[in-house]
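S.K.: For reference, this is query.txt, and it has compact mmCIF, C-alpha atoms.
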# COMPACT_ATOMS: atom_id res chain seq x y z
CA MET A 287 0.00 0.00 0.00
CA ARG A 288 2.88 2.37 0.83
CA TYR A 289 4.38 2.04 -2.66
CA ALA A 290 0.97 2.28 -4.30
CA SER A 291 0.27 5.49 -2.37
CA ARG A 292 3.59 7.00 -3.42
CA SER A 293 2.97 6.08 -7.02
CA ALA A 294 -0.48 7.61 -6.89
CA LEU A 295 0.94 10.75 -5.29
CA ALA A 296 3.65 10.99 -7.94
CA ALA A 297 1.03 10.69 -10.66
CA VAL A 298 -1.00 13.48 -9.07
CA LEU A 299 2.10 15.70 -8.81
CA ILE A 300 2.99 15.07 -12.45
CA LEU A 301 -0.53 15.89 -13.56
CA THR A 302 -0.60 19.00 -11.38
CA THR A 303 2.79 20.20 -12.65
CA THR A 304 1.78 19.56 -16.23
CA ALA A 305 -1.48 21.41 -15.75
CA THR A 306 0.34 24.35 -14.11
CA ALA A 307 2.88 24.51 -16.95
CA ALA A 308 0.07 24.29 -19.48
CA CYS A 309 -1.73 27.18 -17.77
CA ALA A 310 1.49 29.25 -17.82
CA ASP A 311 1.97 28.46 -21.50
CA ASP A 312 -1.67 29.35 -22.20
CA LYS A 313 -1.23 32.71 -20.45
CA THR A 314 1.93 33.44 -22.42
CA GLN A 315 0.30 32.50 -25.70
CA THR A 316 -2.81 34.53 -24.87
CA ALA A 317 -0.71 37.58 -24.00
CA ALA A 318 1.29 37.19 -27.21
CA ALA A 319 -1.91 36.84 -29.22
CA ASN A 320 -3.17 40.06 -27.65
CA GLY A 321 -0.16 41.95 -28.95
CA ASN A 322 2.00 41.69 -25.82
CA PRO A 323 4.84 39.28 -26.73
CA PRO A 324 6.73 37.63 -23.85
CA ILE A 325 10.11 39.02 -22.87
CA GLY A 326 12.70 36.91 -21.09
CA VAL A 327 15.07 38.18 -18.41
CA ASP A 328 18.16 36.47 -17.03
CA PHE A 329 19.63 37.74 -13.77
CA PRO A 330 23.42 37.38 -13.76
CA ARG A 331 23.88 36.53 -10.09
CA ALA A 332 22.31 36.86 -6.65
CA ASP A 333 25.40 37.09 -4.45
CA THR A 334 25.83 40.88 -4.29
CA ASP A 335 23.56 43.59 -2.91
CA PHE A 336 23.65 45.48 -6.20
CA TRP A 337 22.28 42.59 -8.27
CA THR A 338 19.77 41.68 -5.57
CA SER A 339 18.45 45.23 -5.79
CA TYR A 340 18.35 45.08 -9.59
CA ALA A 341 16.33 41.86 -9.42
CA LYS A 342 13.76 43.57 -7.20
CA TYR A 343 13.37 46.49 -9.59
CA VAL A 344 12.79 44.35 -12.69
CA PRO A 345 9.25 43.09 -11.93
CA LYS A 346 8.31 46.55 -10.64
CA PHE A 347 9.18 48.25 -13.92
CA ALA A 348 7.82 45.36 -15.98
CA GLY A 349 4.45 46.08 -14.41
CA GLU A 350 4.74 49.83 -14.97
CA LEU A 351 5.70 49.36 -18.61
CA GLY A 352 2.99 46.78 -19.25
CA ILE A 353 5.50 44.12 -20.23
CA ASN A 354 4.59 40.45 -20.46
CA MET A 355 7.66 39.29 -18.54
CA MET A 356 8.43 35.60 -18.37
CA THR A 357 9.62 34.02 -15.12
CA PRO A 358 13.23 35.28 -14.79
CA THR A 359 16.16 32.88 -14.81
CA ASN A 360 19.47 33.28 -12.94
CA SER A 361 22.76 32.27 -14.54
CA GLN A 362 24.72 32.53 -11.26
CA ASN A 363 27.82 34.09 -12.82
CA ASP A 364 28.20 31.06 -15.11
CA VAL A 365 28.19 31.63 -18.86
CA SER A 366 27.19 28.02 -19.56
CA LYS A 367 24.08 28.52 -17.42
CA LEU A 368 23.37 31.76 -19.23
CA VAL A 369 23.49 29.90 -22.56
CA ALA A 370 21.18 27.16 -21.23
CA ASN A 371 18.79 29.70 -19.69
CA THR A 372 18.66 31.63 -22.95
CA GLN A 373 17.85 28.48 -24.90
CA ALA A 374 15.08 27.66 -22.44
CA LEU A 375 13.57 31.15 -22.69
CA VAL A 376 13.61 30.95 -26.48
CA SER A 377 11.95 27.53 -26.45
CA GLN A 378 9.24 28.97 -24.19
CA GLY A 379 8.47 31.73 -26.68
CA ALA A 380 10.60 34.73 -25.69
CA LYS A 381 10.51 37.45 -28.35
CA ALA A 382 13.30 39.48 -26.73
CA ILE A 383 15.83 38.77 -24.00
CA VAL A 384 17.43 40.95 -21.36
CA MET A 385 20.74 39.62 -20.06
CA ALA A 386 23.86 40.77 -18.22
CA PRO A 387 26.71 38.49 -19.37
CA GLN A 388 29.50 38.55 -16.80
CA ASP A 389 31.98 36.92 -19.18
CA THR A 390 31.63 39.34 -22.07
CA GLY A 391 33.84 37.35 -24.41
CA ALA A 392 32.06 34.00 -24.17
CA ILE A 393 28.53 34.96 -25.16
CA ALA A 394 29.18 35.76 -28.85
CA SER A 395 27.92 32.48 -30.32
CA THR A 396 24.68 32.71 -28.34
CA LEU A 397 24.13 36.26 -29.61
CA THR A 398 24.72 35.06 -33.17
CA THR A 399 22.11 32.33 -32.69
CA LEU A 400 19.59 34.80 -31.29
CA GLU A 401 20.21 37.18 -34.18
CA SER A 402 19.52 34.38 -36.65
CA LYS A 403 16.20 33.77 -34.89
CA LYS A 404 15.42 37.52 -34.99
CA ILE A 405 15.26 37.70 -31.20
CA PRO A 406 16.67 41.06 -30.05
CA VAL A 407 18.91 41.24 -26.99
CA VAL A 408 19.40 44.04 -24.48
CA SER A 409 22.61 43.74 -22.49
CA VAL A 410 22.59 45.30 -19.03
CA ASP A 411 25.66 46.62 -17.19
CA THR A 412 28.06 44.80 -19.52
CA ARG A 413 28.79 45.10 -23.22
CA PRO A 414 29.54 41.85 -25.09
CA ASP A 415 32.92 41.83 -26.83
CA LYS A 416 31.35 40.39 -29.99
CA GLY A 417 27.86 39.72 -31.30
CA LYS A 418 24.89 41.91 -32.06
CA VAL A 419 22.68 43.45 -29.38
CA PHE A 420 19.80 45.85 -29.83
CA MET A 421 20.99 48.12 -27.01
CA VAL A 422 23.48 48.13 -24.17
CA VAL A 423 22.12 49.73 -20.99
CA ARG A 424 25.11 50.73 -18.97
CA ALA A 425 26.84 53.62 -17.29
CA ASP A 426 30.21 54.85 -18.51
CA ASN A 427 32.44 52.44 -16.61
CA ARG A 428 35.61 54.27 -17.61
CA ALA A 429 34.17 57.25 -15.78
CA TYR A 430 33.94 55.05 -12.66
CA GLY A 431 37.68 54.47 -12.69
CA GLN A 432 38.37 58.09 -13.56
CA LYS A 433 36.23 59.44 -10.72
CA ALA A 434 37.77 57.03 -8.21
CA CYS A 435 41.26 58.01 -9.31
CA GLU A 436 40.62 61.74 -9.05
CA PHE A 437 38.96 61.39 -5.65
CA LEU A 438 41.81 59.36 -4.14
CA GLY A 439 44.48 61.41 -5.88
CA GLN A 440 43.15 64.59 -4.33
CA LYS A 441 42.66 63.05 -0.88
CA LEU A 442 46.24 61.74 -0.87
CA GLY A 443 47.69 64.95 -2.24
CA GLY A 444 49.15 63.11 -5.20
CA LYS A 445 51.50 60.96 -3.09
CA GLY A 446 51.36 57.59 -1.35
CA LYS A 447 50.15 54.05 -1.95
CA VAL A 448 46.77 52.74 -3.08
CA ILE A 449 45.39 49.23 -3.43
CA GLU A 450 42.84 48.55 -6.18
CA PHE A 451 40.45 45.58 -6.14
CA GLN A 452 39.98 44.90 -9.83
CA GLY A 453 36.85 43.21 -11.08
CA SER A 454 37.14 40.31 -13.49
CA LEU A 455 39.24 41.31 -16.49
CA SER A 456 37.18 38.93 -18.66
CA SER A 457 34.39 41.50 -18.18
CA VAL A 458 34.35 44.77 -20.07
CA ASN A 459 33.42 46.46 -16.79
CA GLY A 460 36.48 45.17 -15.01
CA ARG A 461 38.67 46.20 -17.93
CA ASP A 462 37.14 49.64 -18.33
CA ARG A 463 37.37 50.51 -14.64
CA SER A 464 40.89 49.14 -14.30
CA GLU A 465 42.26 50.78 -17.44
CA ALA A 466 40.72 54.16 -16.66
CA PHE A 467 41.91 54.10 -13.04
CA GLY A 468 45.42 53.07 -14.06
CA ASP A 469 45.67 55.57 -16.91
CA CYS A 470 44.44 58.41 -14.72
CA MET A 471 46.88 57.59 -11.92
CA LYS A 472 49.84 57.48 -14.31
CA THR A 473 48.86 60.72 -16.00
CA LYS A 474 47.55 62.86 -13.16
CA PHE A 475 49.11 61.37 -10.03
CA PRO A 476 52.46 59.77 -10.92
CA GLY A 477 53.54 60.07 -7.29
CA ILE A 478 50.97 57.46 -6.22
CA THR A 479 51.88 53.76 -6.32
CA VAL A 480 48.97 51.49 -7.26
CA PHE A 481 48.80 47.83 -6.24
CA ALA A 482 46.27 46.36 -8.71
CA GLU A 483 44.79 43.13 -7.35
CA PRO A 484 42.68 40.86 -9.63
CA THR A 485 39.69 39.48 -7.70
CA GLU A 486 37.18 38.06 -10.22
CA TRP A 487 34.57 40.09 -8.28
CA GLU A 488 35.10 37.82 -5.25
CA GLY A 489 35.19 39.37 -1.78
CA PRO A 490 37.45 36.75 -0.15
CA LYS A 491 40.13 37.38 -2.79
CA ALA A 492 39.98 41.11 -2.11
CA ALA A 493 40.25 40.55 1.64
CA ALA A 494 43.26 38.26 1.22
CA ALA A 495 44.98 40.78 -1.04
CA LEU A 496 44.34 43.58 1.44
CA GLN A 497 45.75 41.51 4.31
CA THR A 498 48.89 40.77 2.33
CA ARG A 499 49.47 44.29 1.04
CA LEU A 500 48.93 45.90 4.45
CA ALA A 501 51.48 43.50 5.94
CA GLN A 502 53.97 44.44 3.24
CA HIS A 503 53.05 48.13 3.04
CA PRO A 504 51.50 49.38 6.29
CA ASP A 505 51.61 52.91 4.86
CA ILE A 506 48.86 52.24 2.28
CA LYS A 507 46.49 55.23 2.41
CA GLY A 508 43.90 54.51 -0.29
CA ILE A 509 41.56 51.73 -1.46
CA TYR A 510 39.58 51.51 -4.69
CA MET A 511 36.84 48.87 -4.61
CA GLN A 512 35.40 48.27 -8.08
CA ALA A 513 32.25 46.72 -6.61
CA GLY A 514 31.00 47.65 -3.18
CA GLY A 515 28.44 44.88 -3.18
CA ALA A 516 31.24 42.32 -3.33
CA PHE A 517 34.09 44.10 -1.54
CA LEU A 518 32.66 46.43 1.10
CA ALA A 519 31.99 43.96 3.94
CA PRO A 520 35.29 42.03 3.68
CA THR A 521 37.26 45.28 3.37
CA LEU A 522 35.69 46.73 6.50
CA GLN A 523 36.36 43.49 8.37
CA VAL A 524 40.05 43.57 7.50
CA LEU A 525 40.41 47.24 8.40
CA LYS A 526 38.61 46.70 11.70
CA SER A 527 40.82 43.73 12.59
CA LYS A 528 43.90 45.92 12.11
CA GLY A 529 42.54 48.90 14.02
CA LEU A 530 42.30 50.96 10.84
CA LEU A 531 38.53 51.44 10.70
CA VAL A 532 38.73 55.01 11.98
CA PRO A 533 37.12 58.31 10.89
CA PRO A 534 38.71 60.59 8.27
CA THR A 535 39.97 62.93 11.01
CA ASP A 536 42.24 60.17 12.37
CA PRO A 537 45.73 60.04 10.78
CA LYS A 538 45.37 56.25 10.46
CA HIS A 539 42.31 56.57 8.22
CA ILE A 540 42.62 54.88 4.83
CA PHE A 541 40.61 56.74 2.20
CA ALA A 542 38.31 54.36 0.32
CA VAL A 543 36.16 54.85 -2.75
CA SER A 544 33.81 52.24 -4.15
CA ASN A 545 31.44 51.53 -7.04
CA ASP A 546 27.77 50.49 -6.80
CA GLY A 547 25.72 52.89 -4.69
CA ILE A 548 24.11 50.31 -2.41
CA PRO A 549 22.60 51.39 0.96
CA GLN A 550 25.43 49.69 2.87
CA GLU A 551 27.97 51.94 1.17
CA TYR A 552 25.94 55.01 2.05
CA GLU A 553 25.78 53.96 5.68
CA SER A 554 29.56 53.45 5.70
CA ILE A 555 30.04 56.93 4.23
CA ARG A 556 27.82 58.42 6.94
CA LYS A 557 29.87 56.60 9.59
CA GLY A 558 33.14 57.79 8.06
CA GLU A 559 34.29 54.24 7.33
CA ILE A 560 34.61 54.82 3.58
CA ASP A 561 34.64 58.14 1.80
CA ALA A 562 32.85 57.84 -1.55
CA THR A 563 31.16 55.60 -4.06
CA VAL A 564 29.95 55.91 -7.63
CA SER A 565 26.22 55.21 -7.76
CA GLN A 566 25.59 52.59 -10.42
CA PRO A 567 21.86 53.00 -11.20
CA ALA A 568 20.29 49.61 -10.46
CA ASP A 569 16.81 51.10 -10.81
CA LEU A 570 17.48 52.69 -14.21
CA TYR A 571 19.26 49.56 -15.44
CA ALA A 572 16.07 47.60 -14.82
CA LYS A 573 13.75 50.27 -16.20
CA TYR A 574 15.55 50.99 -19.45
CA ALA A 575 16.62 47.42 -20.15
CA LEU A 576 12.94 46.49 -20.21
CA PHE A 577 12.05 49.69 -22.08
CA TYR A 578 14.47 48.88 -24.90
CA ALA A 579 13.47 45.20 -25.01
CA LYS A 580 9.85 46.23 -25.52
CA ALA A 581 10.88 48.85 -28.06
CA ALA A 582 12.83 46.23 -30.01
CA VAL A 583 9.82 43.92 -30.15
CA ASP A 584 7.69 46.85 -31.27
CA GLY A 585 10.06 47.54 -34.16
CA LYS A 586 11.41 50.85 -32.89
CA THR A 587 14.94 52.06 -33.62
CA PHE A 588 17.31 54.54 -31.96
CA GLN A 589 20.19 56.78 -32.96
CA PRO A 590 23.19 58.18 -31.09
CA GLY A 591 22.51 61.35 -29.14
CA PRO A 592 20.91 62.71 -25.96
CA THR A 593 17.87 60.92 -24.53
CA ASP A 594 14.86 62.22 -22.65
CA HIS A 595 16.14 60.66 -19.42
CA ASP A 596 19.38 62.59 -18.90
CA SER A 597 21.68 60.12 -20.62
CA THR A 598 23.39 59.79 -23.97
CA ILE A 599 23.22 56.99 -26.52
CA VAL A 600 26.62 56.46 -28.10
CA ASP A 601 27.86 54.22 -30.90
CA VAL A 602 30.64 52.24 -29.25
CA GLY A 603 31.74 50.66 -32.52
CA GLY A 604 30.33 48.45 -35.22
CA GLY A 605 26.91 50.01 -34.89
CA THR A 606 26.48 48.85 -31.28
CA LEU A 607 24.46 51.42 -29.36
CA GLU A 608 24.95 52.02 -25.65
CA ASP A 609 22.69 54.13 -23.48
CA GLN A 610 25.15 55.54 -20.96
CA LEU A 611 23.13 56.35 -17.86
CA ALA A 612 24.22 58.87 -15.27
CA ALA A 613 26.34 57.57 -12.38
CA PRO A 614 27.12 60.30 -9.84
CA LEU A 615 29.91 60.33 -7.28
CA VAL A 616 28.46 60.10 -3.77
CA THR A 617 30.32 61.54 -0.79
CA LYS A 618 29.35 62.77 2.69
CA ASP A 619 28.14 65.96 1.00
CA ASN A 620 25.33 64.31 -1.00
CA VAL A 621 24.91 60.89 0.59
CA ASP A 622 21.43 61.79 1.90
CA ASP A 623 20.14 62.86 -1.52
CA LYS A 624 16.72 61.19 -1.78
CA SER A 625 16.96 60.92 -5.56
CA LEU A 626 19.72 58.28 -5.25
CA TRP A 627 18.27 54.81 -5.72
CA GLY A 628 20.27 53.52 -2.73
CA ASN A 629 18.20 55.84 -0.52
CA GLN A 630 14.90 54.58 -1.92
CA ILE A 631 15.01 50.91 -0.96
Can you dump the structure from the file as structure tokens?

M.R.:
Amino acid sequence: MRYASRSALAAVLILTTTATAACADDKTQTAAANGNPPIGVDFPRADTDFWTSYAKYVPKFAGELGINMMTPTNSQNDVSKLVANTQALVSQGAKAIVMAPQDTGAIASTLTTLESKKIPVVSVDTRPDKGKVFMVVRADNRAYGQKACEFLGQKLGGKGKVIEFQGSLSSVNGRDRSEAFGDCMKTKFPGITVFAEPTEWEGPKAAAALQTRLAQHPDIKGIYMQAGGAFLAPTLQVLKSKGLLVPPTDPKHIFAVSNDGIPQEYESIRKGEIDATVSQPADLYAKYALFYAKAAVDGKTFQPGPTDHDSTIVDVGGGTLEDQLAAPLVTKDNVDDKSLWGNQI
């Protein structure tokens, strides 16, 4: 009887799952038939506060824009999962796909396949090295590195030592931020020594590098974190363990600038633990990624130039268009600005 009961239960579960899937498919097909084609979204990861915030904004703006959004997938920082998720979304009827490939060199063949199927792609936060996309929704990541360099250079008076936690150099973001920061330091602040530490966007690697460099160079006076969501907590832990988590008025203070604009960074700025961050607009990434995906399905086109939302569309080469959204530097002077997305969640 026990085995018969389990078999019966399994049959019921299979029937229920099949019926649920059929209902979901029916809803998708009905929405598509009513002129609202389904749009697929893949989240790149869920292990940083920035991407967690982005994931919360997506369904909000999908509702506001009247988008028939499919159940999002998550590729967990794995390009092979992104490829598989994309294939699944296409098989389920996606007419456009929003993605944020973390390995920007390994997604080209998938983009070629999607182009052959006439399925437009909007790339968020990162720009694929090859392959066609309808629009890239991104801030100017070279400006991130430039702003961080100028902030630290001025705070250190053009002299001293700085450690930089580089993001993954397989990502255009990691390359842009690293190249801009390095170029700026060499040109504007040649008296500052930069220890560039590759981290692959992983907090433990940044913490280990900071431990090592502080042991070798206890006179380090600046830190550049290319992603606060990944690096803030481990950095603060290391500084606290060494008695260096002190306010800017203390001679032992190490000036730190970050990238992301998450609430935790703002709180650290208010406390005087870090000094600045560049606010990467998680809310606008979600809003305009979906906006352009819908526009692509509707057959709309865009040209380089200013937009109606305080950004600029630029041709970054080969006809690839990138909407470069605003990303302001946040310090103690404007950290309480209510217009910053990090103060709205």

S.K.: Given the choices A:Phe577, A:Thr617, A:Ser366, A:Ser402, which gets closest to A:Gly352 if the distance is worked out from only C-alpha atoms?

M.R.: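 So, comparing all the options, the nearest one is A:Phe577.
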
S.K.: Just to confirm, what's the straight-line distance from atom CA of A:Ile631 to atom CA of A:Ile383 in Å (one decimal)?

M.R.: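 So the answer is 26.1 Å.
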
S.K.: What gap, in Å, lies between atom CA of A:Thr398 and atom CA of A:Pro324?

M.R.: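 For atom CA of A:Thr398 relative to atom CA of A:Pro324, the distance reads 20.4 Å.
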
S.K.: Please determine, counting all atoms listed in the file, which residue among A:His539, A:Lys526, A:Arg424, A:Lys367 has the shortest atom-to-atom distance to A:Tyr571.

M.R.: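 Smallest separation from A:Tyr571 among the options: A:Arg424.
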
S.K.: Using all atoms listed in the file, can you tell me which of A:Tyr574, A:Trp487, A:Tyr430, A:Phe420 comes closest to A:Gln452?

M.R.: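 Looking at the shortest contact to A:Gln452, the residue is A:Trp487.
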
S.K.: Could you tell me which of A:Val423, A:Val480, A:Ala492, A:Ala501 comes closest to A:Pro567 if we count all atoms listed in the file?

M.R.: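 Checking each of A:Val423, A:Val480, A:Ala492, A:Ala501 against A:Pro567, counting all atoms listed in the file, the winner is A:Val423.
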
S.K.: Go ahead and find all residues with at least one atom no further than 9 Å from (40.2, 56.4, 8.8) in the file's coordinates, using all atoms listed in the file; report them as an MDAnalysis selection string.

M.R.: chainID A and resid 530:542 558:560

S.K.: Could you name the residues that touch A:Lys580 at 12 Å or less, counting only C-alpha atoms, but leaving out those on the same chain fewer than 3 positions away, as a count of residues only?

M.R.: 35

S.K.: Using only C-alpha atoms, which of A:Val621, A:Leu611, A:Cys435, A:Val564 sits nearest A:Ala513?

M.R.: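 Going through A:Val621, A:Leu611, A:Cys435, A:Val564 one by one, the smallest distance to A:Ala513 is for A:Val564.
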
S.K.: Could you check how far atom CA of A:Met356 sits from atom CA of A:Glu401, in Å to one decimal?

M.R.: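 Between atom CA of A:Met356 and atom CA of A:Glu401 the gap works out to 19.8 Å.
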
S.K.: For each of A:Val543, A:Ala579, A:Met511, A:Ala425, take the minimum atom-to-atom distance to A:Ser597, counting only C-alpha atoms, then give the residue where this is smallest.

M.R.: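 With only C-alpha atoms as the atom set, the closest residue is A:Ala425.
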
S.K.: List as a ChimeraX atom specification the residues having at least one atom at most 12 Å from position (32.6, 45.7, 6.5) as given in the file, counting all atoms listed in the file.

M.R.: /A:489,493,514-527,530-531,550-551,553-555,557,559-560

S.K.: Hey, could you make a per-residue contact list for stretch 428-503 of chain A against stretch 409-414 of chain A with 9 Å as the cut-off, showing the nearest pair of atoms and its distance in Å to one decimal, counting all atoms listed in the file, sorted by chain and number, as a tab-separated table?

M.R.:
residue	atom	partner	partner_atom	distance
A:Ser457	CA	A:Thr412	CA	7.3
A:Val458	CA	A:Thr412	CA	6.3
A:Asn459	CA	A:Thr412	CA	6.2

S.K.: Could you please take those selected residues and save C-alpha atoms as a PDB file, in the coordinates of the input?

M.R.:
ATOM      1  CA  SER A 457      34.390  41.500 -18.180  1.00  0.00           C
ATOM      2  CA  VAL A 458      34.350  44.770 -20.070  1.00  0.00           C
ATOM      3  CA  ASN A 459      33.420  46.460 -16.790  1.00  0.00           C
TER       4      ASN A 459
END

S.K.: Where atoms are absent from stretch 463-476 of chain A, fill them in so it carries N, CA, C and O atoms, then output it as a PDB file, in the frame of the given file.

M.R.:
ATOM      1  N   ARG A 463      37.075  49.861 -15.906  1.00  0.00           N
ATOM      2  CA  ARG A 463      37.370  50.510 -14.640  1.00  0.00           C
ATOM      3  C   ARG A 463      38.863  50.457 -14.331  1.00  0.00           C
ATOM      4  O   ARG A 463      39.457  51.448 -13.878  1.00  0.00           O
ATOM      5  N   SER A 464      39.461  49.310 -14.593  1.00  0.00           N
ATOM      6  CA  SER A 464      40.890  49.140 -14.300  1.00  0.00           C
ATOM      7  C   SER A 464      41.756  50.008 -15.199  1.00  0.00           C
ATOM      8  O   SER A 464      42.691  50.676 -14.739  1.00  0.00           O
ATOM      9  N   GLU A 465      41.458  50.002 -16.496  1.00  0.00           N
ATOM     10  CA  GLU A 465      42.260  50.780 -17.440  1.00  0.00           C
ATOM     11  C   GLU A 465      42.140  52.274 -17.159  1.00  0.00           C
ATOM     12  O   GLU A 465      43.140  53.004 -17.165  1.00  0.00           O
ATOM     13  N   ALA A 466      40.921  52.731 -16.909  1.00  0.00           N
ATOM     14  CA  ALA A 466      40.720  54.160 -16.660  1.00  0.00           C
ATOM     15  C   ALA A 466      41.394  54.600 -15.360  1.00  0.00           C
ATOM     16  O   ALA A 466      42.018  55.665 -15.304  1.00  0.00           O
ATOM     17  N   PHE A 467      41.283  53.775 -14.325  1.00  0.00           N
ATOM     18  CA  PHE A 467      41.910  54.100 -13.040  1.00  0.00           C
ATOM     19  C   PHE A 467      43.423  54.152 -13.199  1.00  0.00           C
ATOM     20  O   PHE A 467      44.082  55.097 -12.749  1.00  0.00           O
ATOM     21  N   GLY A 468      43.981  53.124 -13.875  1.00  0.00           N
ATOM     22  CA  GLY A 468      45.420  53.070 -14.060  1.00  0.00           C
ATOM     23  C   GLY A 468      45.946  54.210 -14.919  1.00  0.00           C
ATOM     24  O   GLY A 468      46.969  54.839 -14.597  1.00  0.00           O
ATOM     25  N   ASP A 469      45.248  54.485 -16.022  1.00  0.00           N
ATOM     26  CA  ASP A 469      45.670  55.570 -16.910  1.00  0.00           C
ATOM     27  C   ASP A 469      45.644  56.919 -16.205  1.00  0.00           C
ATOM     28  O   ASP A 469      46.552  57.746 -16.353  1.00  0.00           O
ATOM     29  N   CYS A 470      44.585  57.151 -15.438  1.00  0.00           N
ATOM     30  CA  CYS A 470      44.440  58.410 -14.720  1.00  0.00           C
ATOM     31  C   CYS A 470      45.541  58.578 -13.675  1.00  0.00           C
ATOM     32  O   CYS A 470      46.134  59.661 -13.551  1.00  0.00           O
ATOM     33  N   MET A 471      45.835  57.507 -12.942  1.00  0.00           N
ATOM     34  CA  MET A 471      46.880  57.590 -11.920  1.00  0.00           C
ATOM     35  C   MET A 471      48.243  57.908 -12.543  1.00  0.00           C
ATOM     36  O   MET A 471      49.006  58.749 -12.044  1.00  0.00           O
ATOM     37  N   LYS A 472      48.551  57.244 -13.657  1.00  0.00           N
ATOM     38  CA  LYS A 472      49.840  57.480 -14.310  1.00  0.00           C
ATOM     39  C   LYS A 472      49.949  58.895 -14.854  1.00  0.00           C
ATOM     40  O   LYS A 472      51.010  59.526 -14.797  1.00  0.00           O
ATOM     41  N   THR A 473      48.842  59.399 -15.367  1.00  0.00           N
ATOM     42  CA  THR A 473      48.860  60.720 -16.000  1.00  0.00           C
ATOM     43  C   THR A 473      48.759  61.855 -14.990  1.00  0.00           C
ATOM     44  O   THR A 473      49.537  62.823 -15.053  1.00  0.00           O
ATOM     45  N   LYS A 474      47.818  61.744 -14.070  1.00  0.00           N
ATOM     46  CA  LYS A 474      47.550  62.860 -13.160  1.00  0.00           C
ATOM     47  C   LYS A 474      48.263  62.764 -11.819  1.00  0.00           C
ATOM     48  O   LYS A 474      48.555  63.796 -11.187  1.00  0.00           O
ATOM     49  N   PHE A 475      48.516  61.540 -11.356  1.00  0.00           N
ATOM     50  CA  PHE A 475      49.110  61.370 -10.030  1.00  0.00           C
ATOM     51  C   PHE A 475      50.265  60.372 -10.079  1.00  0.00           C
ATOM     52  O   PHE A 475      50.213  59.301  -9.465  1.00  0.00           O
ATOM     53  N   PRO A 476      51.336  60.701 -10.791  1.00  0.00           N
ATOM     54  CA  PRO A 476      52.460  59.770 -10.920  1.00  0.00           C
ATOM     55  C   PRO A 476      53.177  59.479  -9.608  1.00  0.00           C
ATOM     56  O   PRO A 476      53.931  58.499  -9.509  1.00  0.00           O
TER      57      PRO A 476
END
